[in-house]
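Have a look at the structure below, then the notes.
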Amino acid sequence: MTPHLSHDLGVWVGAALTLCVFSFLYKDNPFYKFAEHLFVGVSAGYYIALNYWTVVWPNLLVPLGAAFHGQPGGPLAASQGDYRAFLVIPGILGVLLFTRLFGRIGWLSRWSLAVIIGVYAGLKTTGFAQGDFVAQVQASLQPLWTGNLYNDFGAILFTIGLISSLLFFFFSREHKGALGVVSRVGMGFLMVSFGAAYGYTVMSRISLLIGRFQFLIQDWLGMR
Amino acid sequence: MRWLENLDRRWIFLAVGVLVLIPLLRPLALPLYVSPPTQGFVNAMDQIPDGSTVLMSCDYDPGAKPELVPMTRTAIRQLWSKHCKVVVTVLWNGGPGLVDQVLREEGRAAHKTYGVDWINLGYKSGNEAVMVLMGQSIPNTFPRDNSGGVTTSYPIMHGVRDYSSFPLLVSISAGYPGTKEYVQQVQGRFHIKMVSGCTAVSAPEYYPYLQSGQLEGLLGGMAGAAEYELARHEKGAATQGMDAQSLAHMFIALCIVLGNVVLWQRRRRGA
């Protein structure tokens with residue numbers, strides 16, 4: 001593995017910023033602060049430009065422009081199946097969000113927020129009911145005896161885990177006696193799931209480190 | 001063991017760094033195997049008819065690059081090996097640039113033409129609202145592609161209306177919005193088959209969807225990406241990273257055991 005340093009300025013900037021961020025592991029320092037502030041500033045600018053050119057321009061301004069220019073039945077030609085002029089309403093609601101910047105009329109932004117919260121509450125509720133609740137309850141009803149020992153063992157273990165974990169969250173009676181035993185079994189199952197989740201979280205974080213090291217070794221130092 | 005109680009945490013950072021770095025420079029070739037969720041992903045992709053158009057939602061940003069870019073590359077190569085056309089969307093605002101770069105690299109390598117074999121419809125804000133709107137009309141939801149061209153002007157989009165135009169939805173997801181929202185808003189409502197590749201941190205949340213059959217296959221994190229590469233007889237960035245991953249995990253397990261021993265000793269001393 002002989003190093004072949006990159007000739008790409010972007011790669012050098014990326015490598016320098018990566019090392020600046022890594023320096024925080026030793027202790028907080030100006031290099032880390034510089035990288036952190038640069039990241040926040042660049043991200044804010046990038047997101048504003050991205051949202052304008054990918055959402056506001058193609059989904060609002062272009063269709064509105066088309067609706068108000070050269071439309072045979074005028075801008076409100078809904079009877080002809082063209083509802084683009086109605087985009088004025090979400091456009092106004094979007095503008096109202098910025099009234100928060102002006103103290104006295106800031107309350108106007110609540111109208112926009114009310115629409116956003118209402119729409120998303122509706123979407124979330126139906127989505128959860130359809131995708132999570134009904135489908136998961138259905139999938140929880142498993143046959144415990146099919147003749148395949150491996151599958152049957154899995155189904156029985158699953159059912160014990162499901163019932164005992166549910167009973168662990170039953171707080172209307174003190175966890176003593178039979179309920180105490182079952183809820184402790186449920187707690188055991190929950191602990192196993194927390195352990196698995198923790199293991200996966202570690203994997204995610206180590207992957208980030210591996211990704212940065214791969215960038216430094218392969219892209220920057222050119223050691224392949 | 002008392003020295004462990006006052007150990008500077010920077011020694012642990014250093015140890016993890018060294019354990020990750022060494023296998024990247026000198027691979028150990030630790031064994032890997034293909035797990036059933038990964039095999040399910042491969043099989044679901046294999047079962048779609050050759051030449052069909054597939055929807056691939058790449059919902060991630062550079063923070064998930066080491067885990068999700070390798071599986072994006074392998075998935076698109078598998079689809080192109082079946083002469084499938086790929087329509088790509090991005091619901092994370094940090095993602096379009098990265099996803100476009102990956103797709104263009106793969107497209108060049110496979111001699112695939114933009115607008116004919118694949119298209120990047122780019123980013124759209126709105127999360128679940130975008131998913132539901134796509135069920136009504138994809139060209140209306142994404143009137144322009146990532147490079148600003150009119151979506152309907154590309155040959156690949158001629159037969160694309162809504163989710164019914166696709167035999168499979170491939171969700172490569174780093175969190176919200178992603179696989180969970182696609183299952184909730186799209187899979188059940190529009191009856192589309194779905195597979196997911198996700199970051200390891202979100203994988204435990206998605207396993208119930210696999211068990212219920214809402215997902216046909218699941219790739220969990222870098223390990224899932226490496227298994228996918230193994231199943232496709234490829235050796236990419238995920239496979240290269242797995243030795244480092246294994247060593248780091250063993251070290252962290254050791255740290256947990258030692259931490260518990262220290263705590264137990266301290267309790268015995270009554271400290």
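Going through the structure tokens in order, the chains are called A, B, and so on, while each chain numbers its residues from 1 and the ligands are numbered from 1 in the order shown.
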**Request:** For chain B, list the residues within 6 Å of chain A, counting only C-alpha atoms, and write the list as a PyMOL selection string.
**Result:** chain B and resi 66+183-185+188+200-201+204+212
**Separation of atom CA of A:Val88 from atom CA of A:Val115, in Å and rounded to one decimal** =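 A separation of 14.7 Å between them.
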